[in-house]
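File shown here: model_18.csv, holding CSV, C-alpha atoms.
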```
chain,number,residue,atom,x,y,z
A,37,MET,CA,174.3,111.4,-83.2
A,38,ASN,CA,173.7,109.3,-86.3
A,39,ALA,CA,174.5,111.4,-89.4
A,40,HIS,CA,171.6,109.8,-91.3
A,41,ALA,CA,169.0,110.3,-88.5
A,42,ALA,CA,166.3,112.8,-89.3
A,43,PRO,CA,166.2,115.8,-87.0
A,44,ASP,CA,163.5,115.5,-84.4
A,45,SER,CA,160.5,116.9,-86.2
A,46,HIS,CA,158.2,116.6,-83.2
A,47,PRO,CA,160.1,117.8,-80.1
A,48,TYR,CA,157.1,119.2,-78.2
A,49,LEU,CA,155.1,116.0,-78.6
A,50,ARG,CA,158.1,114.0,-77.5
A,51,ALA,CA,158.6,116.3,-74.5
A,52,ALA,CA,154.9,116.0,-73.5
A,53,THR,CA,155.1,112.2,-73.8
A,54,ALA,CA,158.3,112.2,-71.6
A,55,GLY,CA,156.5,114.4,-69.1
A,56,VAL,CA,153.6,112.0,-68.8
A,57,ARG,CA,155.9,109.1,-68.4
A,58,HIS,CA,157.9,110.9,-65.7
A,59,HIS,CA,154.7,111.9,-63.9
A,60,THR,CA,153.4,108.3,-64.0
A,61,ARG,CA,156.7,106.9,-62.6
A,62,ASN,CA,157.8,109.5,-60.1
A,63,LEU,CA,155.2,112.1,-59.2
A,64,LEU,CA,152.1,110.0,-58.5
A,65,PRO,CA,153.0,108.1,-55.4
A,66,PRO,CA,151.3,104.6,-55.0
A,67,GLY,CA,148.1,104.9,-53.1
A,68,SER,CA,147.6,108.6,-53.7
A,69,ASN,CA,144.2,109.9,-54.8
A,70,ALA,CA,143.6,112.0,-57.8
A,71,ASP,CA,142.3,115.5,-57.1
A,72,ARG,CA,140.4,117.9,-59.3
A,73,ALA,CA,143.5,119.8,-60.3
A,74,HIS,CA,145.3,116.6,-61.4
A,75,VAL,CA,142.3,115.4,-63.4
A,76,ASP,CA,141.8,118.8,-65.0
A,77,VAL,CA,145.4,118.8,-66.3
A,78,LEU,CA,145.0,115.3,-67.5
A,79,HIS,CA,141.8,116.3,-69.3
A,80,ALA,CA,143.6,119.2,-70.9
A,81,HIS,CA,146.3,116.8,-72.1
A,82,LEU,CA,143.7,114.4,-73.5
A,83,THR,CA,141.8,117.1,-75.4
A,84,GLY,CA,145.1,118.3,-76.9
A,85,LEU,CA,145.8,114.7,-78.1
A,86,HIS,CA,142.3,114.6,-79.4
A,87,GLN,CA,142.9,117.7,-81.5
A,88,LEU,CA,146.1,116.2,-82.8
A,89,LEU,CA,144.5,112.9,-83.7
A,90,ASP,CA,141.7,114.8,-85.5
A,91,GLN,CA,144.2,116.7,-87.6
A,92,LEU,CA,146.3,113.6,-88.3
A,93,ALA,CA,143.3,111.5,-89.4
A,94,GLU,CA,142.1,114.3,-91.7
A,95,ALA,CA,145.5,114.7,-93.3
A,96,THR,CA,146.2,111.0,-93.6
A,97,ARG,CA,142.8,109.8,-94.9
A,98,PRO,CA,143.1,111.1,-98.6
A,99,PRO,CA,146.4,109.5,-99.4
A,100,HIS,CA,146.1,106.5,-97.1
A,101,PRO,CA,142.4,105.7,-96.4
A,102,ALA,CA,143.0,102.6,-94.2
A,103,ALA,CA,145.5,104.4,-92.0
A,104,GLY,CA,143.2,107.4,-91.8
A,105,ARG,CA,140.3,105.1,-90.7
A,106,HIS,CA,142.5,103.7,-87.9
A,107,LEU,CA,143.4,107.2,-86.8
A,108,ALA,CA,139.8,108.2,-86.9
A,109,THR,CA,138.9,105.3,-84.7
A,110,ALA,CA,141.6,106.2,-82.2
A,111,HIS,CA,140.2,109.8,-82.3
A,112,THR,CA,136.7,108.5,-81.3
A,113,ARG,CA,138.1,106.2,-78.6
A,114,LEU,CA,140.2,109.0,-77.2
A,115,TRP,CA,137.1,111.2,-77.0
A,116,GLN,CA,135.3,108.5,-75.0
A,117,ALA,CA,138.3,108.4,-72.6
A,118,THR,CA,138.2,112.2,-72.4
A,119,ALA,CA,134.5,112.2,-71.6
A,120,GLU,CA,135.1,109.7,-68.8
A,121,VAL,CA,137.9,111.8,-67.3
A,122,GLN,CA,135.6,114.9,-67.4
A,123,ALA,CA,132.8,112.9,-65.6
A,124,ALA,CA,135.3,111.7,-63.0
A,125,PHE,CA,136.3,115.4,-62.4
A,126,HIS,CA,132.7,116.2,-61.4
A,127,LEU,CA,132.5,113.3,-59.0
A,128,LEU,CA,135.7,114.2,-57.1
A,129,PRO,CA,135.2,116.2,-53.9
A,130,THR,CA,136.0,119.9,-54.0
A,131,ALA,CA,138.3,121.7,-51.6
A,132,SER,CA,135.4,123.9,-50.5
A,133,ALA,CA,131.9,124.9,-51.7
A,134,ALA,CA,133.4,128.2,-52.8
A,135,SER,CA,135.6,126.4,-55.4
A,136,THR,CA,132.6,125.6,-57.6
A,137,GLU,CA,131.1,129.1,-57.5
A,138,CYS,CA,131.5,131.4,-60.5
A,139,HIS,CA,133.9,134.3,-59.8
A,140,PRO,CA,134.0,136.6,-62.9
A,141,ASP,CA,137.2,138.3,-61.6
A,142,GLN,CA,139.0,135.0,-62.3
A,143,LEU,CA,138.2,135.1,-66.0
A,144,PRO,CA,139.3,134.6,-68.8
A,145,GLU,CA,140.3,131.1,-67.4
A,146,GLY,CA,137.5,131.2,-64.8
A,147,PRO,CA,137.0,128.7,-62.0
A,148,MET,CA,138.4,125.2,-62.7
A,149,VAL,CA,134.9,123.7,-62.9
A,150,LEU,CA,134.0,126.1,-65.8
A,151,THR,CA,137.4,125.8,-67.5
A,152,ILE,CA,137.1,122.0,-67.9
A,153,CYS,CA,133.5,122.2,-69.0
A,154,GLN,CA,134.3,124.9,-71.6
A,155,ARG,CA,137.3,122.8,-72.9
A,156,HIS,CA,135.1,119.7,-73.0
A,157,LEU,CA,132.3,121.5,-74.9
A,158,ALA,CA,134.8,122.9,-77.5
A,159,ALA,CA,136.2,119.4,-78.1
A,160,GLY,CA,132.7,118.0,-78.3
A,161,HIS,CA,131.9,120.2,-81.3
A,162,ALA,CA,134.8,118.7,-83.2
A,163,VAL,CA,133.6,115.2,-82.3
A,164,ARG,CA,130.0,115.9,-83.5
A,165,ARG,CA,131.3,117.2,-86.8
A,166,ARG,CA,133.0,113.9,-87.7
A,167,THR,CA,131.4,111.2,-85.6
A,168,THR,CA,127.9,109.7,-85.3
A,169,PRO,CA,126.2,108.9,-82.0
A,170,THR,CA,126.4,105.2,-82.9
A,171,ASP,CA,130.2,105.5,-83.4
A,172,LEU,CA,130.5,107.0,-79.9
A,173,THR,CA,128.6,104.3,-78.2
A,174,SER,CA,129.7,101.3,-80.1
A,175,PRO,CA,132.4,99.0,-78.7
A,176,PRO,CA,135.9,99.4,-80.1
A,177,ARG,CA,136.6,97.5,-83.2
A,178,THR,CA,139.5,95.1,-83.0
A,179,THR,CA,141.9,95.5,-85.8
A,180,ALA,CA,144.8,93.2,-86.9
A,181,CYS,CA,148.1,94.5,-87.9
A,182,GLY,CA,148.3,94.9,-91.7
A,183,ARG,CA,151.9,93.9,-91.9
```

Target format structure tokens, applied to this file:
Amino acid sequence: MNAHAAPDSHPYLRAATAGVRHHTRNLLPPGSNADRAHVDVLHAHLTGLHQLLDQLAEATRPPHPAAGRHLATAHTRLWQATAEVQAAFHLLPTASAASTECHPDQLPEGPMVLTICQRHLAAGHAVRRRTTPTDLTSPPRTTACGR
């Protein structure tokens, strides 16, 4: 290990990234179809990233406004991706009709269909606090590298 290298200050984020890479390479066989459980986990990952980008944009904006704007734009685009993943979830077939019924004995998590919707609604509140409807429907802005 390099004596001048900083200790890993983001080990969990690096582990999550490595996990996504591993899953993409090894665990999702070519030609396989996504199922609701798979899309639900992906949605949870995206909403976690969304929260992280929200916090990074807010912390970065005061000292570095241009960088903060880029992070805020990424935050908005990630929300759009998260919304599409949630929509895809609801279009995938269920294992059985019973899997979409509400079973209070399964709470606090609840049935998968309610869990993803609750998570999506909670993330949506953060989006509405900092984003206008126009921002959410506008095409992505292209940005050039400032270096």

* Structure fact -> In terms of all atoms listed in the file, the residue from A:Ala102, A:Leu157, A:Ile152, A:Leu128 at minimal distance from Asn69 in chain A is A:Leu128

* Figure out the distance between CA of His111 in chain A and CA of Leu89 in chain A, please, to one decimal in Å. =>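 CA of Leu89 in chain A sits 5.5 Å away from CA of His111 in chain A.
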
* Asked: So how many Å separate CA of Pro99 in chain A and CA of Thr170 in chain A, to one decimal?
  ->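 So the two atoms, CA of Pro99 in chain A and CA of Thr170 in chain A, lie 26.3 Å apart.
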
* In terms of the shortest atom-to-atom distance over only C-alpha atoms, which of A:Ala51, A:Thr96, A:Leu82, A:Arg72 is closest to Leu127 in chain A? ->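 Of A:Ala51, A:Thr96, A:Leu82, A:Arg72, the one nearest Leu127 in chain A, counting only C-alpha atoms, is A:Arg72.
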
* **Distance of CA of His86 in chain A from CA of Ala70 in chain A, expressed in Å to one decimal place** => 21.8 Å

* Structure fact -> If you count only C-alpha atoms, the residue of A:Gly55, A:Thr112, A:Leu92, A:Arg105 closest to Thr168 in chain A turns out to be A:Thr112

So that I can check the surroundings of Ala108 in chain A, please list as a compact mmCIF listing (two decimals) with C-alpha atoms, keeping the file's coordinate frame every protein, DNA and RNA residue that reaches within 12 Å of it, counting all atoms listed in the file and ignoring chain neighbours fewer than 2 positions away.
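out_35.txt, freshly written:
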```txt
# COMPACT_ATOMS: atom_id res chain seq x y z
CA HIS A 86 142.30 114.60 -79.40
CA GLN A 87 142.90 117.70 -81.50
CA LEU A 88 146.10 116.20 -82.80
CA LEU A 89 144.50 112.90 -83.70
CA ASP A 90 141.70 114.80 -85.50
CA GLN A 91 144.20 116.70 -87.60
CA LEU A 92 146.30 113.60 -88.30
CA ALA A 93 143.30 111.50 -89.40
CA GLU A 94 142.10 114.30 -91.70
CA ALA A 95 145.50 114.70 -93.30
CA THR A 96 146.20 111.00 -93.60
CA ARG A 97 142.80 109.80 -94.90
CA PRO A 101 142.40 105.70 -96.40
CA ALA A 102 143.00 102.60 -94.20
CA ALA A 103 145.50 104.40 -92.00
CA GLY A 104 143.20 107.40 -91.80
CA ARG A 105 140.30 105.10 -90.70
CA HIS A 106 142.50 103.70 -87.90
CA ALA A 110 141.60 106.20 -82.20
CA HIS A 111 140.20 109.80 -82.30
CA THR A 112 136.70 108.50 -81.30
CA ARG A 113 138.10 106.20 -78.60
CA LEU A 114 140.20 109.00 -77.20
CA TRP A 115 137.10 111.20 -77.00
CA VAL A 163 133.60 115.20 -82.30
CA ARG A 166 133.00 113.90 -87.70
CA THR A 167 131.40 111.20 -85.60
CA ASP A 171 130.20 105.50 -83.40
CA LEU A 172 130.50 107.00 -79.90
CA PRO A 176 135.90 99.40 -80.10
CA ARG A 177 136.60 97.50 -83.20
```

* **Option closest in space to Glu120 in chain A, from A:Leu78, A:Pro98, A:Gly84, A:His59 [counting only C-alpha atoms]** =>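 Looking at the shortest contact to Glu120 in chain A, the residue is A:Leu78.
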
Render range 77-108 of chain A from the structure in the preceding block as a file of N, CA, C and O atoms, as a short mmCIF file (atom, residue, chain, number, x, y, z; two decimals), in the first residue's frame.
```cif
data_model
loop_
_atom_site.label_atom_id
_atom_site.label_comp_id
_atom_site.auth_asym_id
_atom_site.auth_seq_id
_atom_site.Cartn_x
_atom_site.Cartn_y
_atom_site.Cartn_z
N VAL A 77 -34.93 -4.34 -6.10
CA VAL A 77 -33.61 -4.13 -5.51
C VAL A 77 -32.87 -3.02 -6.26
O VAL A 77 -32.22 -2.17 -5.65
N LEU A 78 -32.99 -3.01 -7.58
CA LEU A 78 -32.37 -1.96 -8.37
C LEU A 78 -32.97 -0.60 -8.01
O LEU A 78 -32.25 0.39 -7.87
N HIS A 79 -34.28 -0.54 -7.81
CA HIS A 79 -34.93 0.70 -7.42
C HIS A 79 -34.42 1.17 -6.06
O HIS A 79 -34.16 2.36 -5.85
N ALA A 80 -34.25 0.24 -5.13
CA ALA A 80 -33.72 0.60 -3.81
C ALA A 80 -32.31 1.18 -3.94
O ALA A 80 -31.96 2.17 -3.28
N HIS A 81 -31.50 0.59 -4.81
CA HIS A 81 -30.15 1.09 -5.03
C HIS A 81 -30.19 2.50 -5.63
O HIS A 81 -29.47 3.39 -5.18
N LEU A 82 -31.04 2.69 -6.62
CA LEU A 82 -31.14 4.01 -7.26
C LEU A 82 -31.64 5.08 -6.30
O LEU A 82 -31.14 6.21 -6.31
N THR A 83 -32.60 4.74 -5.45
CA THR A 83 -33.08 5.75 -4.50
C THR A 83 -32.01 6.07 -3.46
O THR A 83 -31.91 7.20 -3.00
N GLY A 84 -31.20 5.09 -3.10
CA GLY A 84 -30.07 5.36 -2.20
C GLY A 84 -29.06 6.29 -2.86
O GLY A 84 -28.56 7.23 -2.24
N LEU A 85 -28.75 6.04 -4.12
CA LEU A 85 -27.85 6.94 -4.86
C LEU A 85 -28.46 8.33 -4.99
O LEU A 85 -27.77 9.34 -4.90
N HIS A 86 -29.75 8.36 -5.18
CA HIS A 86 -30.47 9.64 -5.30
C HIS A 86 -30.31 10.47 -4.03
O HIS A 86 -30.03 11.66 -4.08
N GLN A 87 -30.48 9.83 -2.88
CA GLN A 87 -30.29 10.52 -1.60
C GLN A 87 -28.86 11.03 -1.45
O GLN A 87 -28.63 12.15 -1.00
N LEU A 88 -27.90 10.19 -1.82
CA LEU A 88 -26.50 10.58 -1.73
C LEU A 88 -26.20 11.78 -2.62
O LEU A 88 -25.54 12.73 -2.19
N LEU A 89 -26.69 11.76 -3.86
CA LEU A 89 -26.47 12.90 -4.75
C LEU A 89 -27.13 14.16 -4.22
O LEU A 89 -26.59 15.26 -4.36
N ASP A 90 -28.29 14.02 -3.62
CA ASP A 90 -28.97 15.17 -3.02
C ASP A 90 -28.10 15.80 -1.94
O ASP A 90 -27.89 17.01 -1.92
N GLN A 91 -27.55 14.98 -1.07
CA GLN A 91 -26.70 15.49 0.01
C GLN A 91 -25.40 16.08 -0.53
O GLN A 91 -24.95 17.13 -0.07
N LEU A 92 -24.80 15.42 -1.53
CA LEU A 92 -23.57 15.94 -2.12
C LEU A 92 -23.80 17.28 -2.81
O LEU A 92 -22.99 18.20 -2.68
N ALA A 93 -24.89 17.39 -3.55
CA ALA A 93 -25.19 18.65 -4.25
C ALA A 93 -25.39 19.79 -3.25
O ALA A 93 -24.87 20.89 -3.45
N GLU A 94 -26.11 19.52 -2.18
CA GLU A 94 -26.35 20.56 -1.17
C GLU A 94 -25.06 20.98 -0.47
O GLU A 94 -24.85 22.15 -0.18
N ALA A 95 -24.21 20.02 -0.18
CA ALA A 95 -22.96 20.34 0.52
C ALA A 95 -21.95 21.02 -0.41
O ALA A 95 -21.13 21.83 0.04
N THR A 96 -22.01 20.70 -1.69
CA THR A 96 -21.03 21.23 -2.64
C THR A 96 -21.41 22.61 -3.16
O THR A 96 -20.54 23.43 -3.44
N ARG A 97 -22.70 22.88 -3.25
CA ARG A 97 -23.17 24.11 -3.89
C ARG A 97 -22.61 25.39 -3.27
O ARG A 97 -22.15 26.25 -4.01
N PRO A 98 -22.61 25.57 -1.94
CA PRO A 98 -22.11 26.86 -1.42
C PRO A 98 -20.64 27.14 -1.76
O PRO A 98 -20.35 28.21 -2.31
N PRO A 99 -19.71 26.23 -1.51
CA PRO A 99 -18.32 26.58 -1.82
C PRO A 99 -17.97 26.46 -3.30
O PRO A 99 -17.05 27.13 -3.78
N HIS A 100 -18.68 25.61 -4.04
CA HIS A 100 -18.37 25.36 -5.45
C HIS A 100 -19.67 25.34 -6.26
O HIS A 100 -20.17 24.26 -6.61
N PRO A 101 -20.23 26.51 -6.59
CA PRO A 101 -21.55 26.56 -7.23
C PRO A 101 -21.64 25.79 -8.55
O PRO A 101 -22.64 25.11 -8.79
N ALA A 102 -20.63 25.87 -9.39
CA ALA A 102 -20.70 25.17 -10.68
C ALA A 102 -20.75 23.66 -10.48
O ALA A 102 -21.55 22.97 -11.11
N ALA A 103 -19.90 23.15 -9.61
CA ALA A 103 -19.91 21.71 -9.33
C ALA A 103 -21.24 21.30 -8.69
O ALA A 103 -21.79 20.25 -9.01
N GLY A 104 -21.76 22.14 -7.81
CA GLY A 104 -23.05 21.86 -7.18
C GLY A 104 -24.17 21.79 -8.20
O GLY A 104 -25.06 20.95 -8.08
N ARG A 105 -24.13 22.66 -9.22
CA ARG A 105 -25.15 22.63 -10.27
C ARG A 105 -25.08 21.33 -11.06
O ARG A 105 -26.10 20.73 -11.40
N HIS A 106 -23.87 20.87 -11.34
CA HIS A 106 -23.72 19.60 -12.07
C HIS A 106 -24.26 18.44 -11.23
O HIS A 106 -24.93 17.55 -11.76
N LEU A 107 -23.95 18.44 -9.94
CA LEU A 107 -24.47 17.38 -9.07
C LEU A 107 -25.99 17.45 -8.97
O LEU A 107 -26.66 16.42 -8.94
N ALA A 108 -26.53 18.66 -8.93
CA ALA A 108 -27.99 18.82 -8.88
C ALA A 108 -28.63 18.31 -10.17
O ALA A 108 -29.70 17.69 -10.14
#
```
